[in-house]
Every structure is written in C-alpha cells, then in structure tokens.
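Here's the structure, in structure tokens; my notes come after.
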Amino acid sequence: MTVLDLHLLGSPVLREESKPVVAVDDEVRRFVADLFETMHAAHGVGLAANQVGVARRIAVVETDDKRLVLINPRIVEASGKETGEEGCLSIPDIYADVTRPDRVVLEALDEGGNRYREELVGLAARAVQHEIDHLDGILFLDHLSMLKRKRLMGRWKKEHADDPGFIKAIKPDTAESL
Ligand SMILES: [Zn+2]
C-alpha cells in the first residue's frame with residue numbers, strides 16, 4: 001500500500017466531475033487500499049479519489065462504527081437537517097459549519113463490485129455527502145454563504161501564498177479531518 005500525495009485547494013482536479021468506474025478490478029482494489037492508507041496517515045474520516053489527483057468515482061469513509069468503500073456512490077434518500085463543523089484534507093486548517101441532511105440512504109459498489117444500500121446517520125452520513133460532493137467537483141466551502149466563503153478563501157490564500165504548488169505529501173502525524 002502507498003500513501004498518496006494530497007491535492008489542495010487550487011488544484012484543478014478538485015473541480016472535475018469524476019468518471020464512473022466501469023469494472024471493479026484488482027487495480028481499483030489496490031487504489032481503494034491506498035485511499036484508506038492515505039486517509040489514515042492524514043487522520044481523516046473520508047477521502048475521495050480526486051483529492052489524490054484521480055478523477056474517478058471512488059471514495060472511502062471510516063468513522064468509529066462504519067468502514068465504507070464508495071465506488072460509483074449515490075444518495076438515494078435524504079431527510080432531516082443538521083448543522084455541524086466540517087473541514088477538508090484538501091483545505092487544511094479551514095473549518096466551517098455546514099448544514100446537510102442528517103439521514104441518508106447510500107447506494108454504492110463495494111471493493112468486491114457488489115452493490116449495497118446502507119442507511120447512515122450522524123458523522124457517517126455527513127462524511128459520505130462530503131465525499132460524494134468531491135466526486136462532483138464540489139467543496140464544503142460551496143455550501144456556505146458567499147460572504148463567508150469569500151472570507152475563508154481570503155484567509156486560505158493569505159496563509160498559503162508561499163506554497164510551491166497544489167500538492168502536499170502526507171507526513172504521518174499531521175492532524176486533520178474529512
Ligand atoms: Zn474534503
């Protein structure tokens with residue numbers, strides 16, 4: 001397994017619409033294992049393929065009680081509303097409250113290529129919605145008011161003005177989130 005480099009805000013692949021997976025083969029399974037490895041190294045609870053520069057509809061989520069492989073995922077039902085703080089491994093150190101449905105039914109393929117449906121609540125529901133957004137080129141900042149988004153983006157640009165590029169190598173023990 002390999003810890004992959006993370007793409008940060010500004011990298012064009014984060015705004016790409018990811019392509020569906022045609023066949024769940026060994027190459028896809030290896031990539032899923034790499035996503036888990038990278039997510040663990042970065043202390044995240046979720047990671048989408050385009051966050052490591054690959055525009056395919058693959059993501060992983062792991063919370064205390066759920067370990068989910070999301071291949072070609074979609075939300076087939078959503079209800080309720082909850083506001084909670086979110087962050088993103090691709091936008092380090094920026095956090096904001098985001099309102100989303102608090103219960104969703106997820107449909108996806110697992111690493112065996114089997115279709116499954118699962119009802120999720122709480123953090124797992126939030127994380128899955130955040131990751132599927134990534135696959136559609138959407139970032140959590142897009143859910144905020146224009147004013148709030150501008151303020152946070154301004155802060156991001158200031159703090160990252162000296163960055164050499166949009167790619168970050170994960171060193172084990174950098175604490176971050178989604
Ligand atoms: Zn994210």
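Note on naming: chains are A, B, ... as they come in the structure tokens, residues start from 1 per chain, ligands start from 1 in the order shown.
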
Subject >> Spatial neighbours of Gly112 in chain A, 9 Å, only C-alpha atoms, chain gap at least 3 places, as a ChimeraX atom specification >> reply: /A:24-25,29,109,115

Output of the above residues as a tab-separated table (two decimals), in the first residue's frame, restricted to C-alpha atoms:
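Saved as again-v4.tsv:
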```tsv
chain	number	residue	atom	x	y	z
A	24	VAL	CA	-14.11	-3.15	-10.03
A	25	ASP	CA	-10.84	-4.97	-10.67
A	29	ARG	CA	-8.96	-2.57	-5.16
A	109	LEU	CA	-20.44	-0.73	-5.04
A	115	ARG	CA	-23.97	-3.19	-4.98
```

Subject >> Within-8 Å residues of ligand 1, basis only C-alpha atoms and all ligand atoms, as an NGL selection string >> reply: :A and (46-48 or 51 or 87-91 or 130-131 or 134 or 139-140 or 178)

Output N, CA, C and O atoms of each residue in that selection to a file, as a CSV table (one decimal), in the first residue's frame.
```
chain,number,residue,atom,x,y,z
A,46,GLY,N,-12.6,10.6,5.8
A,46,GLY,CA,-13.0,10.3,4.5
A,46,GLY,C,-12.0,10.8,3.5
A,46,GLY,O,-11.3,11.8,3.8
A,47,LEU,N,-12.0,10.2,2.3
A,47,LEU,CA,-11.1,10.7,1.3
A,47,LEU,C,-11.7,10.3,-0.1
A,47,LEU,O,-12.1,9.1,-0.3
A,48,ALA,N,-11.7,11.2,-1.0
A,48,ALA,CA,-12.2,11.0,-2.4
A,48,ALA,C,-11.0,10.9,-3.4
A,48,ALA,O,-10.0,11.6,-3.2
A,51,GLN,N,-9.1,13.9,-4.6
A,51,GLN,CA,-8.2,14.5,-3.6
A,51,GLN,C,-6.7,14.0,-3.7
A,51,GLN,O,-5.8,14.6,-3.2
A,87,GLY,N,-14.3,20.1,8.0
A,87,GLY,CA,-13.0,20.5,7.5
A,87,GLY,C,-12.8,19.6,6.3
A,87,GLY,O,-13.6,18.8,5.9
A,88,CYS,N,-11.6,19.8,5.7
A,88,CYS,CA,-11.3,19.0,4.5
A,88,CYS,C,-9.8,18.8,4.4
A,88,CYS,O,-9.1,19.8,4.5
A,89,LEU,N,-9.4,17.6,4.1
A,89,LEU,CA,-7.9,17.3,3.9
A,89,LEU,C,-7.3,18.2,2.8
A,89,LEU,O,-6.1,18.5,2.8
A,90,SER,N,-8.1,18.6,1.9
A,90,SER,CA,-7.6,19.4,0.7
A,90,SER,C,-7.6,20.9,1.1
A,90,SER,O,-7.2,21.7,0.2
A,91,ILE,N,-8.2,21.3,2.2
A,91,ILE,CA,-8.2,22.7,2.6
A,91,ILE,C,-7.8,22.8,4.1
A,91,ILE,O,-8.6,23.1,5.0
A,130,HIS,N,-20.1,14.6,2.0
A,130,HIS,CA,-18.9,15.4,1.7
A,130,HIS,C,-18.1,14.8,0.6
A,130,HIS,O,-17.6,15.5,-0.3
A,131,GLU,N,-17.9,13.5,0.7
A,131,GLU,CA,-17.0,12.8,-0.3
A,131,GLU,C,-17.7,12.7,-1.6
A,131,GLU,O,-17.1,12.8,-2.7
A,134,HIS,N,-17.2,15.8,-3.4
A,134,HIS,CA,-15.9,15.9,-4.0
A,134,HIS,C,-15.9,15.3,-5.4
A,134,HIS,O,-15.3,15.8,-6.4
A,139,LEU,N,-16.8,21.5,-3.2
A,139,LEU,CA,-16.1,21.6,-1.9
A,139,LEU,C,-17.0,22.1,-0.8
A,139,LEU,O,-18.0,22.7,-1.1
A,140,PHE,N,-16.7,21.7,0.4
A,140,PHE,CA,-17.7,22.1,1.5
A,140,PHE,C,-17.9,23.6,1.6
A,140,PHE,O,-18.9,24.1,2.0
A,178,LEU,N,-11.9,15.5,7.6
A,178,LEU,CA,-12.6,14.9,6.5
A,178,LEU,C,-11.7,14.8,5.3
A,178,LEU,O,-11.9,15.3,4.3
```

**OP:** For Val13 in chain A, list every protein, DNA or RNA residue within 9 Å, evaluated using only C-alpha atoms, and leave out those in the same chain fewer than 2 positions away; present the list as a list of chain:residue names.
**Re:**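 My list of contacting residues is A:His7, A:Gly10, A:Ser11, A:Arg15, A:Glu16, A:Glu17, A:Ser18, A:Asn50, A:Gln51, A:Val52, A:Gly53, A:Val54, A:Ala55, A:Gly137.
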
Output of the above residues as a PDB file, in the first residue's frame, restricted to N, CA, C and O atoms:
```
ATOM      1  N   HIS A   7      -4.045  16.548  -3.050  1.00  0.00           N
ATOM      2  CA  HIS A   7      -4.236  17.762  -3.843  1.00  0.00           C
ATOM      3  C   HIS A   7      -4.989  18.781  -3.001  1.00  0.00           C
ATOM      4  O   HIS A   7      -5.994  18.455  -2.378  1.00  0.00           O
ATOM      5  N   GLY A  10      -7.201  24.727  -5.186  1.00  0.00           N
ATOM      6  CA  GLY A  10      -6.472  25.367  -6.276  1.00  0.00           C
ATOM      7  C   GLY A  10      -6.072  24.345  -7.329  1.00  0.00           C
ATOM      8  O   GLY A  10      -5.874  24.694  -8.491  1.00  0.00           O
ATOM      9  N   SER A  11      -5.964  23.071  -6.925  1.00  0.00           N
ATOM     10  CA  SER A  11      -5.653  22.030  -7.898  1.00  0.00           C
ATOM     11  C   SER A  11      -6.893  21.768  -8.760  1.00  0.00           C
ATOM     12  O   SER A  11      -7.968  21.481  -8.226  1.00  0.00           O
ATOM     13  N   ARG A  15     -12.008  20.250  -8.962  1.00  0.00           N
ATOM     14  CA  ARG A  15     -13.210  20.822  -9.567  1.00  0.00           C
ATOM     15  C   ARG A  15     -13.711  19.993 -10.746  1.00  0.00           C
ATOM     16  O   ARG A  15     -14.638  20.397 -11.441  1.00  0.00           O
ATOM     17  N   GLU A  16     -13.091  18.844 -10.955  1.00  0.00           N
ATOM     18  CA  GLU A  16     -13.511  17.977 -12.061  1.00  0.00           C
ATOM     19  C   GLU A  16     -14.664  17.076 -11.652  1.00  0.00           C
ATOM     20  O   GLU A  16     -14.736  16.630 -10.508  1.00  0.00           O
ATOM     21  N   GLU A  17     -15.535  16.779 -12.603  1.00  0.00           N
ATOM     22  CA  GLU A  17     -16.582  15.779 -12.404  1.00  0.00           C
ATOM     23  C   GLU A  17     -15.924  14.419 -12.649  1.00  0.00           C
ATOM     24  O   GLU A  17     -15.438  14.151 -13.741  1.00  0.00           O
ATOM     25  N   SER A  18     -15.893  13.575 -11.618  1.00  0.00           N
ATOM     26  CA  SER A  18     -15.186  12.290 -11.740  1.00  0.00           C
ATOM     27  C   SER A  18     -15.945  11.307 -12.614  1.00  0.00           C
ATOM     28  O   SER A  18     -17.165  11.332 -12.679  1.00  0.00           O
ATOM     29  N   ASN A  50     -10.400  12.199  -6.257  1.00  0.00           N
ATOM     30  CA  ASN A  50      -9.807  13.414  -6.852  1.00  0.00           C
ATOM     31  C   ASN A  50      -8.934  14.191  -5.866  1.00  0.00           C
ATOM     32  O   ASN A  50      -8.116  14.996  -6.268  1.00  0.00           O
ATOM     33  N   GLN A  51      -9.077  13.888  -4.568  1.00  0.00           N
ATOM     34  CA  GLN A  51      -8.171  14.521  -3.595  1.00  0.00           C
ATOM     35  C   GLN A  51      -6.744  13.993  -3.710  1.00  0.00           C
ATOM     36  O   GLN A  51      -5.821  14.579  -3.155  1.00  0.00           O
ATOM     37  N   VAL A  52      -6.576  12.852  -4.393  1.00  0.00           N
ATOM     38  CA  VAL A  52      -5.223  12.361  -4.673  1.00  0.00           C
ATOM     39  C   VAL A  52      -4.953  12.430  -6.178  1.00  0.00           C
ATOM     40  O   VAL A  52      -4.091  11.729  -6.708  1.00  0.00           O
ATOM     41  N   GLY A  53      -5.730  13.260  -6.889  1.00  0.00           N
ATOM     42  CA  GLY A  53      -5.431  13.550  -8.286  1.00  0.00           C
ATOM     43  C   GLY A  53      -6.025  12.594  -9.301  1.00  0.00           C
ATOM     44  O   GLY A  53      -5.625  12.594 -10.461  1.00  0.00           O
ATOM     45  N   VAL A  54      -7.000  11.779  -8.869  1.00  0.00           N
ATOM     46  CA  VAL A  54      -7.587  10.781  -9.766  1.00  0.00           C
ATOM     47  C   VAL A  54      -9.082  11.056  -9.911  1.00  0.00           C
ATOM     48  O   VAL A  54      -9.837  10.942  -8.948  1.00  0.00           O
ATOM     49  N   ALA A  55      -9.530  11.443 -11.103  1.00  0.00           N
ATOM     50  CA  ALA A  55     -10.930  11.825 -11.294  1.00  0.00           C
ATOM     51  C   ALA A  55     -11.799  10.613 -11.619  1.00  0.00           C
ATOM     52  O   ALA A  55     -12.341  10.469 -12.710  1.00  0.00           O
ATOM     53  N   GLY A 137     -16.984  17.505  -7.931  1.00  0.00           N
ATOM     54  CA  GLY A 137     -16.224  18.756  -8.047  1.00  0.00           C
ATOM     55  C   GLY A 137     -16.673  19.843  -7.080  1.00  0.00           C
ATOM     56  O   GLY A 137     -16.375  21.021  -7.276  1.00  0.00           O
TER      57      GLY A 137
END
```

**OP:** Could you give me, as a list in words, the residues within 12 Å of Thr63 in chain A, counting only C-alpha atoms and dropping anything in the same chain fewer than 5 positions from it?
**Re:** Phe36, Met39, His40, His43, Gly44, Val45, Gly46, Leu47, Leu68, Leu120, Val121, Gly122, Leu123, Ala124, Ala125, Arg126, Ala127, Val128, Ser177 and Leu178 of chain A

Deliver the residues from the most recent selection as a file, using N, CA, C and O atoms, as a PDB file, in the first residue's frame.
```pdb
ATOM      1  N   PHE A  36      -7.413   4.313   1.743  1.00  0.00           N
ATOM      2  CA  PHE A  36      -7.508   4.084   3.190  1.00  0.00           C
ATOM      3  C   PHE A  36      -6.184   4.427   3.875  1.00  0.00           C
ATOM      4  O   PHE A  36      -6.153   5.102   4.909  1.00  0.00           O
ATOM      5  N   MET A  39      -5.735   8.156   3.939  1.00  0.00           N
ATOM      6  CA  MET A  39      -6.682   8.759   4.884  1.00  0.00           C
ATOM      7  C   MET A  39      -6.218   8.541   6.324  1.00  0.00           C
ATOM      8  O   MET A  39      -6.246   9.458   7.141  1.00  0.00           O
ATOM      9  N   HIS A  40      -5.759   7.332   6.612  1.00  0.00           N
ATOM     10  CA  HIS A  40      -5.279   7.050   7.973  1.00  0.00           C
ATOM     11  C   HIS A  40      -4.058   7.908   8.299  1.00  0.00           C
ATOM     12  O   HIS A  40      -3.960   8.481   9.386  1.00  0.00           O
ATOM     13  N   HIS A  43      -5.067  11.267   9.161  1.00  0.00           N
ATOM     14  CA  HIS A  43      -6.053  11.339  10.241  1.00  0.00           C
ATOM     15  C   HIS A  43      -7.392  11.869   9.756  1.00  0.00           C
ATOM     16  O   HIS A  43      -8.026  12.693  10.424  1.00  0.00           O
ATOM     17  N   GLY A  44      -7.828  11.429   8.590  1.00  0.00           N
ATOM     18  CA  GLY A  44      -9.130  11.852   8.075  1.00  0.00           C
ATOM     19  C   GLY A  44     -10.186  10.806   8.365  1.00  0.00           C
ATOM     20  O   GLY A  44      -9.875   9.673   8.748  1.00  0.00           O
ATOM     21  N   VAL A  45     -11.468  11.175   8.166  1.00  0.00           N
ATOM     22  CA  VAL A  45     -12.541  10.192   8.257  1.00  0.00           C
ATOM     23  C   VAL A  45     -13.128   9.906   6.875  1.00  0.00           C
ATOM     24  O   VAL A  45     -14.040   9.106   6.741  1.00  0.00           O
ATOM     25  N   GLY A  46     -12.578  10.562   5.844  1.00  0.00           N
ATOM     26  CA  GLY A  46     -13.036  10.305   4.494  1.00  0.00           C
ATOM     27  C   GLY A  46     -12.028  10.839   3.500  1.00  0.00           C
ATOM     28  O   GLY A  46     -11.258  11.758   3.823  1.00  0.00           O
ATOM     29  N   LEU A  47     -12.007  10.224   2.310  1.00  0.00           N
ATOM     30  CA  LEU A  47     -11.096  10.703   1.262  1.00  0.00           C
ATOM     31  C   LEU A  47     -11.652  10.290  -0.093  1.00  0.00           C
ATOM     32  O   LEU A  47     -12.083   9.148  -0.276  1.00  0.00           O
ATOM     33  N   LEU A  68     -16.572   2.313   5.023  1.00  0.00           N
ATOM     34  CA  LEU A  68     -17.327   2.261   3.770  1.00  0.00           C
ATOM     35  C   LEU A  68     -16.413   2.464   2.569  1.00  0.00           C
ATOM     36  O   LEU A  68     -15.597   3.391   2.534  1.00  0.00           O
ATOM     37  N   LEU A 120     -27.501   5.743   6.755  1.00  0.00           N
ATOM     38  CA  LEU A 120     -26.468   6.346   7.588  1.00  0.00           C
ATOM     39  C   LEU A 120     -27.008   7.569   8.303  1.00  0.00           C
ATOM     40  O   LEU A 120     -27.820   8.316   7.750  1.00  0.00           O
ATOM     41  N   VAL A 121     -26.524   7.773   9.516  1.00  0.00           N
ATOM     42  CA  VAL A 121     -26.861   8.985  10.269  1.00  0.00           C
ATOM     43  C   VAL A 121     -25.574   9.553  10.852  1.00  0.00           C
ATOM     44  O   VAL A 121     -24.519   8.918  10.808  1.00  0.00           O
ATOM     45  N   GLY A 122     -25.679  10.768  11.397  1.00  0.00           N
ATOM     46  CA  GLY A 122     -24.555  11.352  12.125  1.00  0.00           C
ATOM     47  C   GLY A 122     -23.338  11.596  11.244  1.00  0.00           C
ATOM     48  O   GLY A 122     -23.453  11.963  10.073  1.00  0.00           O
ATOM     49  N   LEU A 123     -22.155  11.358  11.833  1.00  0.00           N
ATOM     50  CA  LEU A 123     -20.906  11.679  11.144  1.00  0.00           C
ATOM     51  C   LEU A 123     -20.741  10.898   9.841  1.00  0.00           C
ATOM     52  O   LEU A 123     -20.265  11.443   8.840  1.00  0.00           O
ATOM     53  N   ALA A 124     -21.148   9.624   9.838  1.00  0.00           N
ATOM     54  CA  ALA A 124     -21.002   8.827   8.618  1.00  0.00           C
ATOM     55  C   ALA A 124     -21.837   9.425   7.486  1.00  0.00           C
ATOM     56  O   ALA A 124     -21.388   9.504   6.338  1.00  0.00           O
ATOM     57  N   ALA A 125     -23.063   9.875   7.809  1.00  0.00           N
ATOM     58  CA  ALA A 125     -23.932  10.495   6.794  1.00  0.00           C
ATOM     59  C   ALA A 125     -23.293  11.776   6.267  1.00  0.00           C
ATOM     60  O   ALA A 125     -23.275  12.038   5.062  1.00  0.00           O
ATOM     61  N   ARG A 126     -22.737  12.573   7.184  1.00  0.00           N
ATOM     62  CA  ARG A 126     -22.093  13.827   6.790  1.00  0.00           C
ATOM     63  C   ARG A 126     -20.865  13.553   5.918  1.00  0.00           C
ATOM     64  O   ARG A 126     -20.666  14.176   4.868  1.00  0.00           O
ATOM     65  N   ALA A 127     -20.054  12.595   6.340  1.00  0.00           N
ATOM     66  CA  ALA A 127     -18.813  12.299   5.613  1.00  0.00           C
ATOM     67  C   ALA A 127     -19.114  11.783   4.199  1.00  0.00           C
ATOM     68  O   ALA A 127     -18.461  12.177   3.230  1.00  0.00           O
ATOM     69  N   VAL A 128     -20.106  10.909   4.078  1.00  0.00           N
ATOM     70  CA  VAL A 128     -20.447  10.361   2.762  1.00  0.00           C
ATOM     71  C   VAL A 128     -20.923  11.476   1.818  1.00  0.00           C
ATOM     72  O   VAL A 128     -20.537  11.517   0.646  1.00  0.00           O
ATOM     73  N   SER A 177      -8.836  16.587   9.251  1.00  0.00           N
ATOM     74  CA  SER A 177     -10.147  15.908   9.308  1.00  0.00           C
ATOM     75  C   SER A 177     -10.638  15.314   8.001  1.00  0.00           C
ATOM     76  O   SER A 177      -9.891  14.638   7.342  1.00  0.00           O
ATOM     77  N   LEU A 178     -11.891  15.546   7.614  1.00  0.00           N
ATOM     78  CA  LEU A 178     -12.561  14.879   6.492  1.00  0.00           C
ATOM     79  C   LEU A 178     -11.665  14.765   5.258  1.00  0.00           C
ATOM     80  O   LEU A 178     -11.859  15.287   4.254  1.00  0.00           O
TER      81      LEU A 178
END
```

**OP:** Among the residues of chain A, find those DSSP assigns to alpha helix (DSSP H) from the backbone and print them as a PyMOL selection string.
**Re:** chain A and resi 26-41+122-135+146-159
